[in-house]
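Notes for the one structure printed next.
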Amino acid sequence: DKELIIIAGDDWQTIFTWMGADPKFLIEYPADLEIILKKTWRLPEKVLRQALSYAETNLRSGVFKEMQSTGKKGALAHIRNFSTRREEDINQLVQWVLAELKKGHSVMILTRTNSQALHFFGEFYKRGFKLKSLKKSTKWNKKVEKVGNFFDLLHSIIEIERGTPKREDFKRIGWACGVITEEEFDKELPLTTYLKPNWREEIILEKIQEIWGRQARRFLEKILREGLKPMDGIPGGHELYIDTIHSSKGLEADVVFLINEMPRRRWRKFFKSLEELEAEARVWFVGMTRARKALGIVWTDKAFRLD
C-alpha cells in the first residue's frame with residue numbers, strides 16, 4: 001500500500017543467508033527504475049580488479065557490475081604455501097602486520113570461522129599486540145563495571161609482561177586473583193598487594209568463565225600456558241582487528257589480510273549445488289572488498305577457490 005519502495009544493496013554481498021538474506025530480492029524484484037552505482041569510494045585499482053575478476057568468474061547468477069576505483073593504485077599480494085600452524089609463517093605475517101601498523105595503517109586479519117580467528121587472536125596476543133574484535137555482541141565485551149571487559153584484562157597481562165604496567169593493570173590482575181573485590185578497585189593499596197610472584201597460577205579461572213564464558217577461559221589458559229613474549233616496536237594506539245569475514249561486512253581497513261582457509265579440506269564435496277558454491281563465493285568477495293589501500297590473500301593448504 002506504499003507509493004514508493006526503495007530497495008538498496010548489492011547481490012554480491014548478501015552473505016547473511018541464515019537471517020533471510022537472498023540475492024534474488026535484488027536481482028528479480030520487479031522495479032520501475034533500476035540504478036546501478038558504478039563508483040566505489042573504498043577500493044583502489046588493484047584491489048578492485050582482483051575483486052571484479054573473482055566476481056565475474058564465480059558470481060554468475062547475479063548482475064555483473066563494471067565499476068570505477070577510487071583512482072588510487074593500491075597494492076595486492078598473494079602469499080602462497082602458508083600454514084596457520086607453522087611458527088615461522090605466523091612470525092612472517094606478524095612482521096608484515098607490524099610494518100603496516102608502523103605506517104599508521106589500520107589492519108584487519110579476516111578468517112572464515114570463529115575458531116580460526118581465535119587462533120590468530122592468541123598468536124598476536126602472545127606477541128604483545130592489543131587486538132580488537134569486529135563483533136559488537138561478543139560476550140568478551142561484557143563489562144565488570146570498574147574492572148572493564150575481558151580485553152582490558154588481557155591488555156593488563158600484556159603490560160605487566162612487557163614491564164610497562166599502570167596501576168589499573170595491577171588492580172585488574174589483583175581482582176582476577178581474588179586479592180581485591182570490584183568494590184575495592186578504587187582503593188589505592190600498595191602495588192605489592194595486587195601482584196603476587198605466582199600471580200599466573202592464582203588467577204581464578206572459574207570467575208573468568210562465569211563472567212565471559214568457557215571460550216574466554218580456554219583462551220586465557222592457552223595464553224598463560226604458552227607464555228607471552230611481547231615484541232618491541234609495536235606502536236601505541238594501533239588499530240588491529242582480527243575476526244571473521246562475516247563480522248567485517250560493512251566495515252573497512254587500510255590493509256586487509258584475508259586468510260584463505262576452509263574448515264574442511266575437501267570443500268568441493270561440502271557444497272552440493274551451484275547456489276551453495278556461489279553463496280560461499282559471496283563471502284570471500286566481501287572479504288576482498290574491505291581494503292582501502294592494500295589486500296593480502298594468504299593461501300593455505302585448505303584454500304577455497306579464489307582464482
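To be explicit about the labels: the chains of the C-alpha cells are called A, B, and onward in the order shown, and within each one the residues are counted from 1, while ligands get numbers from 1 in the order they are shown.
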
Apply DSSP to the structure's backbone, then extract all residues of segment 56-166 of chain A labelled strand (DSSP E) and return them as a ChimeraX atom specification.
/A:75-79,107-111

Those residues you just picked out, can you put them in a file as an mmCIF file, in the first residue's frame with C-alpha atoms?
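Saved file out_14.cif follows:
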data_model
loop_
_atom_site.group_PDB
_atom_site.id
_atom_site.type_symbol
_atom_site.label_atom_id
_atom_site.label_comp_id
_atom_site.auth_asym_id
_atom_site.auth_seq_id
_atom_site.Cartn_x
_atom_site.Cartn_y
_atom_site.Cartn_z
ATOM 1 C CA ALA A 75 48.539 -2.919 -3.621
ATOM 2 C CA LEU A 76 47.717 -6.616 -3.988
ATOM 3 C CA ALA A 77 49.756 -9.582 -2.785
ATOM 4 C CA HIS A 78 49.228 -13.347 -2.971
ATOM 5 C CA ILE A 79 51.011 -15.147 -0.127
ATOM 6 C CA VAL A 107 44.792 -3.635 9.652
ATOM 7 C CA MET A 108 42.211 -6.415 9.520
ATOM 8 C CA ILE A 109 43.014 -10.123 9.602
ATOM 9 C CA LEU A 110 39.910 -11.910 8.358
ATOM 10 C CA THR A 111 39.209 -15.639 8.694
#

Write out as a tab-separated table (two decimals) with N, CA, C and O atoms, in the first residue's frame each polymer residue whose atoms come within 9 Å of Ser247 of chain A, counting only C-alpha atoms; drop sequence neighbours fewer than 5 positions from it.
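result09.tsv was written with the following content:
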chain	number	residue	atom	x	y	z
A	110	LEU	N	41.24	-11.32	8.48
A	110	LEU	CA	39.91	-11.91	8.36
A	110	LEU	C	40.01	-13.40	8.08
A	110	LEU	O	40.76	-13.84	7.20
A	133	SER	N	38.08	-6.74	18.38
A	133	SER	CA	37.14	-7.61	17.68
A	133	SER	C	36.18	-6.74	16.89
A	133	SER	O	35.91	-5.59	17.24
A	134	LEU	N	35.66	-7.27	15.78
A	134	LEU	CA	34.69	-6.55	14.97
A	134	LEU	C	33.26	-6.80	15.44
A	134	LEU	O	32.36	-6.05	15.11
A	135	LYS	N	33.06	-7.86	16.19
A	135	LYS	CA	31.71	-8.21	16.65
A	135	LYS	C	31.28	-7.25	17.76
A	135	LYS	O	32.04	-6.96	18.68
A	136	LYS	N	30.06	-6.79	17.66
A	136	LYS	CA	29.54	-5.87	18.66
A	136	LYS	C	28.91	-6.61	19.84
A	136	LYS	O	28.83	-6.09	20.94

Residue neighbourhood Glu182 of chain A, 10 Å, only C-alpha atoms, exclusion window fewer than 4 positions, as a ChimeraX atom specification:
/A:144-147,171-172,174-176,178,186

Using C-alpha atoms, can you export the residues from the last selection as a PDB file, in the first residue's frame?
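What landed in part31.pdb:
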ATOM      1  CA  VAL A 144      32.552  -5.632  35.007  1.00  0.00           C
ATOM      2  CA  GLU A 145      31.767  -2.036  35.952  1.00  0.00           C
ATOM      3  CA  LYS A 146      35.092  -0.959  37.440  1.00  0.00           C
ATOM      4  CA  VAL A 147      37.392  -3.646  36.046  1.00  0.00           C
ATOM      5  CA  LYS A 171      44.425  -3.840  40.070  1.00  0.00           C
ATOM      6  CA  ARG A 172      42.889  -5.961  37.314  1.00  0.00           C
ATOM      7  CA  GLY A 174      44.615  -8.483  41.725  1.00  0.00           C
ATOM      8  CA  TRP A 175      40.884  -8.684  41.028  1.00  0.00           C
ATOM      9  CA  ALA A 176      41.336 -11.732  38.754  1.00  0.00           C
ATOM     10  CA  GLY A 178      40.722 -12.634  44.162  1.00  0.00           C
ATOM     11  CA  ASP A 186      39.066   2.321  43.718  1.00  0.00           C
TER      12      ASP A 186
END

DSSP-assigned alpha helix (DSSP H) among segment 180-215 of chain A, expressed as a list in words:
Leu191, Thr192, Thr193, Tyr194, Trp199, Arg200, Glu201, Glu202, Leu205, Glu206, Lys207, Ile208, Gln209, Glu210, Ile211, Trp212, Arg214 and Gln215 of chain A

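Look at segment 256-269 of chain A: the protein and nucleic acid residues within 8 Å of it, using only C-alpha atoms and passing over chain neighbours fewer than 2 places away, are A:Val107, A:Met108, A:Ile109, A:Leu110, A:Thr111, A:Arg112, A:Thr113, A:Ala253, A:Asp254, A:Phe271, A:Lys272, A:Gly287, A:Met288, A:Arg290, A:Ala291, A:Ala294, A:Leu295, A:Gly296, A:Ile297, A:Val298, A:Trp299, A:Thr300, A:Asp301, A:Lys302, A:Ala303, A:Phe304.
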
Pull C-alpha atoms from the residues just selected and write them as a PDB file, in the first residue's frame.
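File out11.pdb, as written:
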ATOM      1  CA  VAL A 107      44.792  -3.635   9.652  1.00  0.00           C
ATOM      2  CA  MET A 108      42.211  -6.415   9.520  1.00  0.00           C
ATOM      3  CA  ILE A 109      43.014 -10.123   9.602  1.00  0.00           C
ATOM      4  CA  LEU A 110      39.910 -11.910   8.358  1.00  0.00           C
ATOM      5  CA  THR A 111      39.209 -15.639   8.694  1.00  0.00           C
ATOM      6  CA  ARG A 112      36.350 -17.868   7.626  1.00  0.00           C
ATOM      7  CA  THR A 113      35.440 -19.251  11.066  1.00  0.00           C
ATOM      8  CA  ALA A 253      40.522  -1.010   6.941  1.00  0.00           C
ATOM      9  CA  ASP A 254      43.591   0.338   5.190  1.00  0.00           C
ATOM     10  CA  PHE A 271      28.825 -27.760  -1.477  1.00  0.00           C
ATOM     11  CA  LYS A 272      26.118 -29.790  -3.184  1.00  0.00           C
ATOM     12  CA  GLY A 287      36.397 -10.210   2.495  1.00  0.00           C
ATOM     13  CA  MET A 288      38.338  -8.923  -0.520  1.00  0.00           C
ATOM     14  CA  ARG A 290      37.199  -4.426   2.843  1.00  0.00           C
ATOM     15  CA  ALA A 291      40.613  -2.998   1.848  1.00  0.00           C
ATOM     16  CA  ALA A 294      46.160  -2.997   0.190  1.00  0.00           C
ATOM     17  CA  LEU A 295      44.917  -6.586   0.151  1.00  0.00           C
ATOM     18  CA  GLY A 296      46.976  -9.641   1.014  1.00  0.00           C
ATOM     19  CA  ILE A 297      45.414 -13.024   0.191  1.00  0.00           C
ATOM     20  CA  VAL A 298      47.028 -15.717   2.313  1.00  0.00           C
ATOM     21  CA  TRP A 299      46.764 -19.161   0.692  1.00  0.00           C
ATOM     22  CA  THR A 300      46.891 -22.288   2.868  1.00  0.00           C
ATOM     23  CA  ASP A 301      46.720 -25.983   2.034  1.00  0.00           C
ATOM     24  CA  LYS A 302      42.946 -25.867   2.714  1.00  0.00           C
ATOM     25  CA  ALA A 303      42.187 -22.942   0.451  1.00  0.00           C
ATOM     26  CA  PHE A 304      38.841 -22.111  -1.138  1.00  0.00           C
TER      27      PHE A 304
END

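Candidate residues A:Glu168, A:Glu34, A:Glu239, A:Glu201 were compared for distance to Arg225 of chain A, and the nearest is A:Glu201, using only C-alpha atoms.
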
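Nearest residue to Leu154 of chain A among A:Trp284, A:Tyr29, A:Tyr125, A:Tyr241 is A:Tyr125, counting only C-alpha atoms.
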
Please list as a PyMOL selection string every residue within 12 Å of His238 of chain A, counting only C-alpha atoms and excluding residues in the same chain fewer than 5 positions away.
chain A and resi 97-108+128-132+233

With a distance cut-off of 8 Å and only C-alpha atoms, select the neighbouring residues of His246 of chain A, excluding the residue or stretch itself and same-chain residues fewer than 3 positions from it, and output the selection as a PDB file with N, CA, C and O atoms, in the first residue's frame.
ATOM      1  N   ILE A  15      25.406 -12.100   2.315  1.00  0.00           N
ATOM      2  CA  ILE A  15      26.062 -13.269   2.904  1.00  0.00           C
ATOM      3  C   ILE A  15      25.381 -13.776   4.173  1.00  0.00           C
ATOM      4  O   ILE A  15      25.689 -14.867   4.626  1.00  0.00           O
ATOM      5  N   PHE A  16      24.457 -13.012   4.740  1.00  0.00           N
ATOM      6  CA  PHE A  16      23.779 -13.474   5.952  1.00  0.00           C
ATOM      7  C   PHE A  16      22.527 -14.266   5.579  1.00  0.00           C
ATOM      8  O   PHE A  16      21.410 -13.902   5.925  1.00  0.00           O
ATOM      9  N   ARG A 112      37.681 -17.347   7.994  1.00  0.00           N
ATOM     10  CA  ARG A 112      36.350 -17.868   7.626  1.00  0.00           C
ATOM     11  C   ARG A 112      35.533 -18.271   8.846  1.00  0.00           C
ATOM     12  O   ARG A 112      34.309 -18.159   8.830  1.00  0.00           O
ATOM     13  N   LYS A 249      31.532  -7.305   7.421  1.00  0.00           N
ATOM     14  CA  LYS A 249      30.637  -6.744   6.395  1.00  0.00           C
ATOM     15  C   LYS A 249      30.213  -5.322   6.771  1.00  0.00           C
ATOM     16  O   LYS A 249      29.795  -5.069   7.889  1.00  0.00           O
ATOM     17  N   VAL A 283      30.847 -14.704   0.225  1.00  0.00           N
ATOM     18  CA  VAL A 283      31.529 -14.421   1.491  1.00  0.00           C
ATOM     19  C   VAL A 283      32.952 -13.931   1.231  1.00  0.00           C
ATOM     20  O   VAL A 283      33.398 -12.922   1.782  1.00  0.00           O
TER      21      VAL A 283
END

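Atom CA of Thr192 of chain A to atom CA of Gly213 of chain A spans 29.3 Å [interatomic distance, one decimal].
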
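One finds atom CA of Leu59 of chain A at 19.4 Å from atom CA of Gly250 of chain A.
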
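If you measure from each of A:His155, A:Arg162, A:Lys293, A:Arg86 to Asp232 of chain A using only C-alpha atoms, the closest one turns out to be A:Arg162.
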
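Comparing A:Lys207, A:Asp169, A:Leu52, A:Ile234 by their smallest distance to Val94 of chain A, the closest is A:Ile234 (using only C-alpha atoms).
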
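Taking only C-alpha atoms into account, Leu26 of chain A lies nearest to A:Ser61 out of the set A:Asn114, A:Asn91, A:Ser61, A:Ser273.
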
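Using only C-alpha atoms, the nearest neighbour of Gly148 of chain A within the list A:Ala279, A:Trp212, A:Ala55, A:Arg200 is A:Trp212.
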